[in-house]
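In what follows, a single structure is set out as structure tokens and then discussed.
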Amino acid sequence: MKSDRLIEEIKASIDIVDFISDYVHLKKAGQNYKGLCPFHPDKVPSFMVSPSKQIFHCFGCGSGGDVISFLMKHDNLSFNEAKRYIANKAGIALTESPRSTYGSEKREKLLSVQSEAAVFFRENLKSSDRAREYLEKRGIDGTSADLFWIGYAPNEKTALLRYLGGKGYKDALVKDAGLAVTDQHGYRDAFRDRIMFPISNMKGDVIGFGGRVMNDSLPKYLNSPETDIFKKGEILFAVHLAKDAIRKKGYALVVEGYLDTILCHHYGFQNTVSSLGTALTAGQMQKLKVLAGKIILVFDGDEAGKAAAQRSLPLLRACDIRARILLLPQGEDPDSYLRKNGGRAFQKMLSGTMSMIEFLMEVSGKDRIDKVQESLVIIAAGNDRIIADEMIRELADRSGISESVLRSELGRMKKKEKLNKNKEAVPVRAVKHAEEYLLLSALISFPEKFKEVMLRLNIEDMRELPVRSLFEKVKILGAGFTIDRLMHEASEEERSIMRELMLEPGFDLAYVDRNIQDCLFRLAQRRLIERRNLLVAQEPHDVALYNSILKEKRKLIREKKQ
């Protein structure tokens, strides 16, 4: 019980809205706050946070819980790790055993082995003239190499494995960290004869690596595989170094490669990050949006660069990010352009970026109508009305089509999208047997109604299995029923339903008593109808039974009118 009280004290000391706002861009929505879910690709904000109940829930993917649950899922932490982090943030001292203090032992070991590998690669760079000469040729000096902890993986089969083995790490753990692979001959290093770029999370912990060859062999780049601590779609290269500059400047510069990022930082553009050789993801955009609501995407000016820019537009709009596009001269990337022309010329290029609408209307090779239609599709993908209004105005100017026509067409597209979405997702309170969910909702919002509900409720009447299961748990808890205890006893599916009802009760809370009466009446009425239907099927001539059911129905109606 002491531990439970400590956890409640930790949670009570942190405002969940303020905490999650560091990770998700939230907007006020009635009594709650809404944003794009960081746990699944979310086009329309379905992630809700309640300041009064101190919980979050996504109506899209079902993720939810308290502030500790959020940090566990977002940063892939164990319960004890998340608890320790939040307690430290709240200034609460924890007195725990060493085992519980370090939380997930495997995760700690994975972070430790990555850190040791970074040291190994760094030391090998110092002893490799060839690797240092390559970096110098690419314009990377010692200061940049130190800042980014650039290293070198020697061209040996088991050099890293031997080093880490000497530090006490088993080969299986090194493989789990993505630093070794196995074949018919056993374990061997995953990276050989490559320049190594450590990849860190927002806090600066090394969680993976990117390795680049120094010749024309393929693959040119090789990234760590996904592990328990490394998710490619959730991290950006150099974000731990760039986050303060992004906040200060108000925008992030997003380039395509490791060397591009490093050269940008070297020339004074410390707000630069890059994806890990893959297309941008919603998770990466959410991390940037927390830091700043604007980004500039830099692409090569060739056809491949233009195509990559165009593919990114729907995601940028869906995440409601103000974005501009910079296409460099053909054949150039930030790395080559900066080394040839310097930072001042690059800064001048940044002053000539294109809006998304300008890019679609001026760069695309399609005809005017197709360009307009594609622009409207992009505008419709977002939820921020202010950004949409700005884009519509610009589209009208560039296309010569009146705003009224464009807005009418956009409205039609939005209406069609909404209809399709409504067909796919039905809210809990609109499903079959809605009265069962509404009665549960009343009990969750007003636990003091426990006796009133349970005395009149026949749980056997419940048809929705998760609702029935929750009411059975409430009955077992009896006088000790509380929302926290019910949450503890519930399954994940049941907890998800509870969170949804806590955030969207489905009825006016001022009329809770009327809601309870209506739900109980509908349940009793449904029971009578089912009995009547059964009688028609089995005893069609039993007049006495018919009269009995009719008498119950009249009594039920009288009670409802009272």
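Letters A, B, ... go to the chains of the structure tokens in the order shown; residues in each chain start at 1; ligands are counted from 1 in the same order.
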
Near segment 393-402 of chain A, counting only C-alpha atoms, which residues have an atom at most 10 Å away, once you skip same-chain residues fewer than 2 positions from it, shown as a PyMOL selection string? chain A and resi 355-358+360-362+368-369+371-372+375-376+379+388-391+404-407

**Within 10 Å of segment 482-494 of chain A using only C-alpha atoms, minus same-chain residues under 4 positions, as an NGL selection string** = :A and (62-65 or 443-448 or 450 or 465-467 or 469-471 or 473-474 or 477-478 or 498-500)

May I have the selected residues written with N, CA and C atoms, as a compact mmCIF listing (two decimals), in the first residue's frame?
```txt
# COMPACT_ATOMS: atom_id res chain seq x y z
N GLY A 62 -6.63 3.21 -29.42
CA GLY A 62 -6.99 2.65 -28.13
C GLY A 62 -5.95 2.82 -27.04
N SER A 63 -4.78 3.41 -27.36
CA SER A 63 -3.76 3.61 -26.34
C SER A 63 -4.28 4.56 -25.27
N GLY A 64 -3.88 4.34 -24.04
CA GLY A 64 -4.35 5.24 -22.99
C GLY A 64 -3.77 4.89 -21.64
N GLY A 65 -4.03 5.73 -20.67
CA GLY A 65 -3.56 5.50 -19.31
C GLY A 65 -3.24 6.80 -18.61
N LEU A 443 -21.94 5.19 -14.14
CA LEU A 443 -21.30 4.67 -12.94
C LEU A 443 -19.85 5.11 -12.85
N ILE A 444 -19.16 5.21 -14.00
CA ILE A 444 -17.77 5.64 -14.02
C ILE A 444 -17.65 7.12 -13.68
N SER A 445 -18.59 7.93 -14.19
CA SER A 445 -18.56 9.37 -13.91
C SER A 445 -19.04 9.69 -12.50
N PHE A 446 -19.92 8.82 -11.97
CA PHE A 446 -20.50 9.07 -10.64
C PHE A 446 -20.47 7.77 -9.82
N PRO A 447 -19.29 7.41 -9.29
CA PRO A 447 -19.18 6.16 -8.53
C PRO A 447 -20.13 6.10 -7.33
N GLU A 448 -20.55 7.28 -6.84
CA GLU A 448 -21.46 7.30 -5.70
C GLU A 448 -22.84 6.74 -6.04
N PHE A 450 -23.29 3.87 -7.14
CA PHE A 450 -23.05 2.43 -7.12
C PHE A 450 -24.26 1.65 -6.61
N LEU A 465 -20.23 -8.19 -23.88
CA LEU A 465 -19.39 -8.96 -22.95
C LEU A 465 -18.43 -8.11 -22.12
N PRO A 466 -17.71 -7.13 -22.71
CA PRO A 466 -16.80 -6.34 -21.86
C PRO A 466 -17.54 -5.51 -20.82
N VAL A 467 -18.75 -5.00 -21.19
CA VAL A 467 -19.55 -4.22 -20.24
C VAL A 467 -20.03 -5.14 -19.12
N SER A 469 -18.66 -7.89 -18.11
CA SER A 469 -17.51 -8.24 -17.29
C SER A 469 -17.17 -7.13 -16.30
N LEU A 470 -17.25 -5.88 -16.74
CA LEU A 470 -16.96 -4.76 -15.84
C LEU A 470 -17.98 -4.65 -14.72
N PHE A 471 -19.26 -4.84 -15.05
CA PHE A 471 -20.28 -4.80 -14.00
C PHE A 471 -20.11 -5.96 -13.02
N LYS A 473 -17.25 -7.22 -12.17
CA LYS A 473 -16.13 -6.82 -11.32
C LYS A 473 -16.58 -5.78 -10.29
N VAL A 474 -17.46 -4.87 -10.70
CA VAL A 474 -18.00 -3.88 -9.77
C VAL A 474 -18.76 -4.58 -8.65
N LEU A 477 -16.31 -6.10 -6.23
CA LEU A 477 -15.66 -5.08 -5.41
C LEU A 477 -16.59 -4.56 -4.32
N GLY A 478 -17.88 -4.55 -4.61
CA GLY A 478 -18.88 -4.16 -3.62
C GLY A 478 -18.67 -2.76 -3.09
N MET A 498 -13.28 2.08 -20.54
CA MET A 498 -13.44 2.99 -19.40
C MET A 498 -12.88 4.37 -19.71
N ARG A 499 -11.68 4.40 -20.32
CA ARG A 499 -11.07 5.70 -20.64
C ARG A 499 -11.91 6.47 -21.64
N GLU A 500 -12.43 5.77 -22.64
CA GLU A 500 -13.29 6.44 -23.63
C GLU A 500 -14.49 7.07 -22.95
```

As a PyMOL selection string, please: every residue in segment 147-331 of chain A that a backbone DSSP assignment puts in strand (DSSP E). chain A and resi 151-153+180-183+186-189+194-200+206-212+221-223+252-255+272-274+294-299+322-327

Kindly provide the residues of segment 85-158 of chain A that approach segment 329-340 of chain A to within 12 Å, each paired with its closest atom pair and their distance in Å to one decimal, based on only C-alpha atoms, listed by chain and increasing number, as JSON lines.
```
{"residue": "A:Glu136", "atom": "CA", "partner": "A:Arg339", "partner_atom": "CA", "distance": 11.6}
{"residue": "A:Lys137", "atom": "CA", "partner": "A:Arg339", "partner_atom": "CA", "distance": 10.3}
{"residue": "A:Arg138", "atom": "CA", "partner": "A:Asp335", "partner_atom": "CA", "distance": 8.2}
{"residue": "A:Gly139", "atom": "CA", "partner": "A:Arg339", "partner_atom": "CA", "distance": 6.9}
{"residue": "A:Ile140", "atom": "CA", "partner": "A:Arg339", "partner_atom": "CA", "distance": 10.1}
```

Dump of N, CA and C atoms for the selected residues, as a PDB file, in the first residue's frame:
```
ATOM      1  N   GLU A 136      37.983  14.128 -43.643  1.00  0.00           N
ATOM      2  CA  GLU A 136      38.554  15.425 -44.017  1.00  0.00           C
ATOM      3  C   GLU A 136      38.192  15.779 -45.456  1.00  0.00           C
ATOM      4  N   LYS A 137      38.221  14.783 -46.315  1.00  0.00           N
ATOM      5  CA  LYS A 137      37.859  14.991 -47.720  1.00  0.00           C
ATOM      6  C   LYS A 137      36.415  15.425 -47.849  1.00  0.00           C
ATOM      7  N   ARG A 138      35.561  14.919 -46.957  1.00  0.00           N
ATOM      8  CA  ARG A 138      34.133  15.273 -46.983  1.00  0.00           C
ATOM      9  C   ARG A 138      33.840  16.548 -46.206  1.00  0.00           C
ATOM     10  N   GLY A 139      34.854  17.234 -45.738  1.00  0.00           N
ATOM     11  CA  GLY A 139      34.658  18.515 -45.060  1.00  0.00           C
ATOM     12  C   GLY A 139      34.334  18.414 -43.585  1.00  0.00           C
ATOM     13  N   ILE A 140      34.535  17.250 -42.976  1.00  0.00           N
ATOM     14  CA  ILE A 140      34.226  17.058 -41.553  1.00  0.00           C
ATOM     15  C   ILE A 140      35.519  17.162 -40.758  1.00  0.00           C
TER      16      ILE A 140
END
```

Between A:Pro41, A:Met48, A:Gly293, A:Tyr85, which is the closest to Leu280 of chain A once you count only C-alpha atoms?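 Closest to Leu280 of chain A of all the choices is A:Pro41.
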
I'd like the neighbourhood of segment 300-315 of chain A as a ChimeraX atom specification, where a residue qualifies if any of its atoms comes within 9 Å (using only C-alpha atoms), though same-chain residues fewer than 2 positions away should be ignored.
/A:43,256,279-282,285,297-298,317-321,323,325-334,356,359-360,363-364,377-379,381-382

**Prompt:** What does the distance from atom CA of Gly250 of chain A to atom CA of Gly268 of chain A come to in Å, to one decimal?
**Reply:**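 Between these atoms lies a distance of 15.5 Å.
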
One decimal, Å: what's the distance from atom CA of Ala172 of chain A over to atom CA of Gly208 of chain A, could you say?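 According to the coordinates, atom CA of Ala172 of chain A and atom CA of Gly208 of chain A are separated by 16.4 Å.
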
Please tabulate, as CSV, the residues of segment 273-328 of chain A that come within 12 Å of segment 183-201 of chain A, each with its closest pair of atoms and the distance in Å to one decimal, counting only C-alpha atoms and ordering rows by chain, then residue number upward.
```
residue,atom,partner,partner_atom,distance
A:Val273,CA,A:Ile199,CA,11.3
A:Ser274,CA,A:Ile199,CA,10.8
A:Ser275,CA,A:Ile199,CA,10.7
A:Leu276,CA,A:Ile199,CA,9.0
A:Gln284,CA,A:Asn201,CA,11.5
A:Lys287,CA,A:Asn201,CA,10.8
```
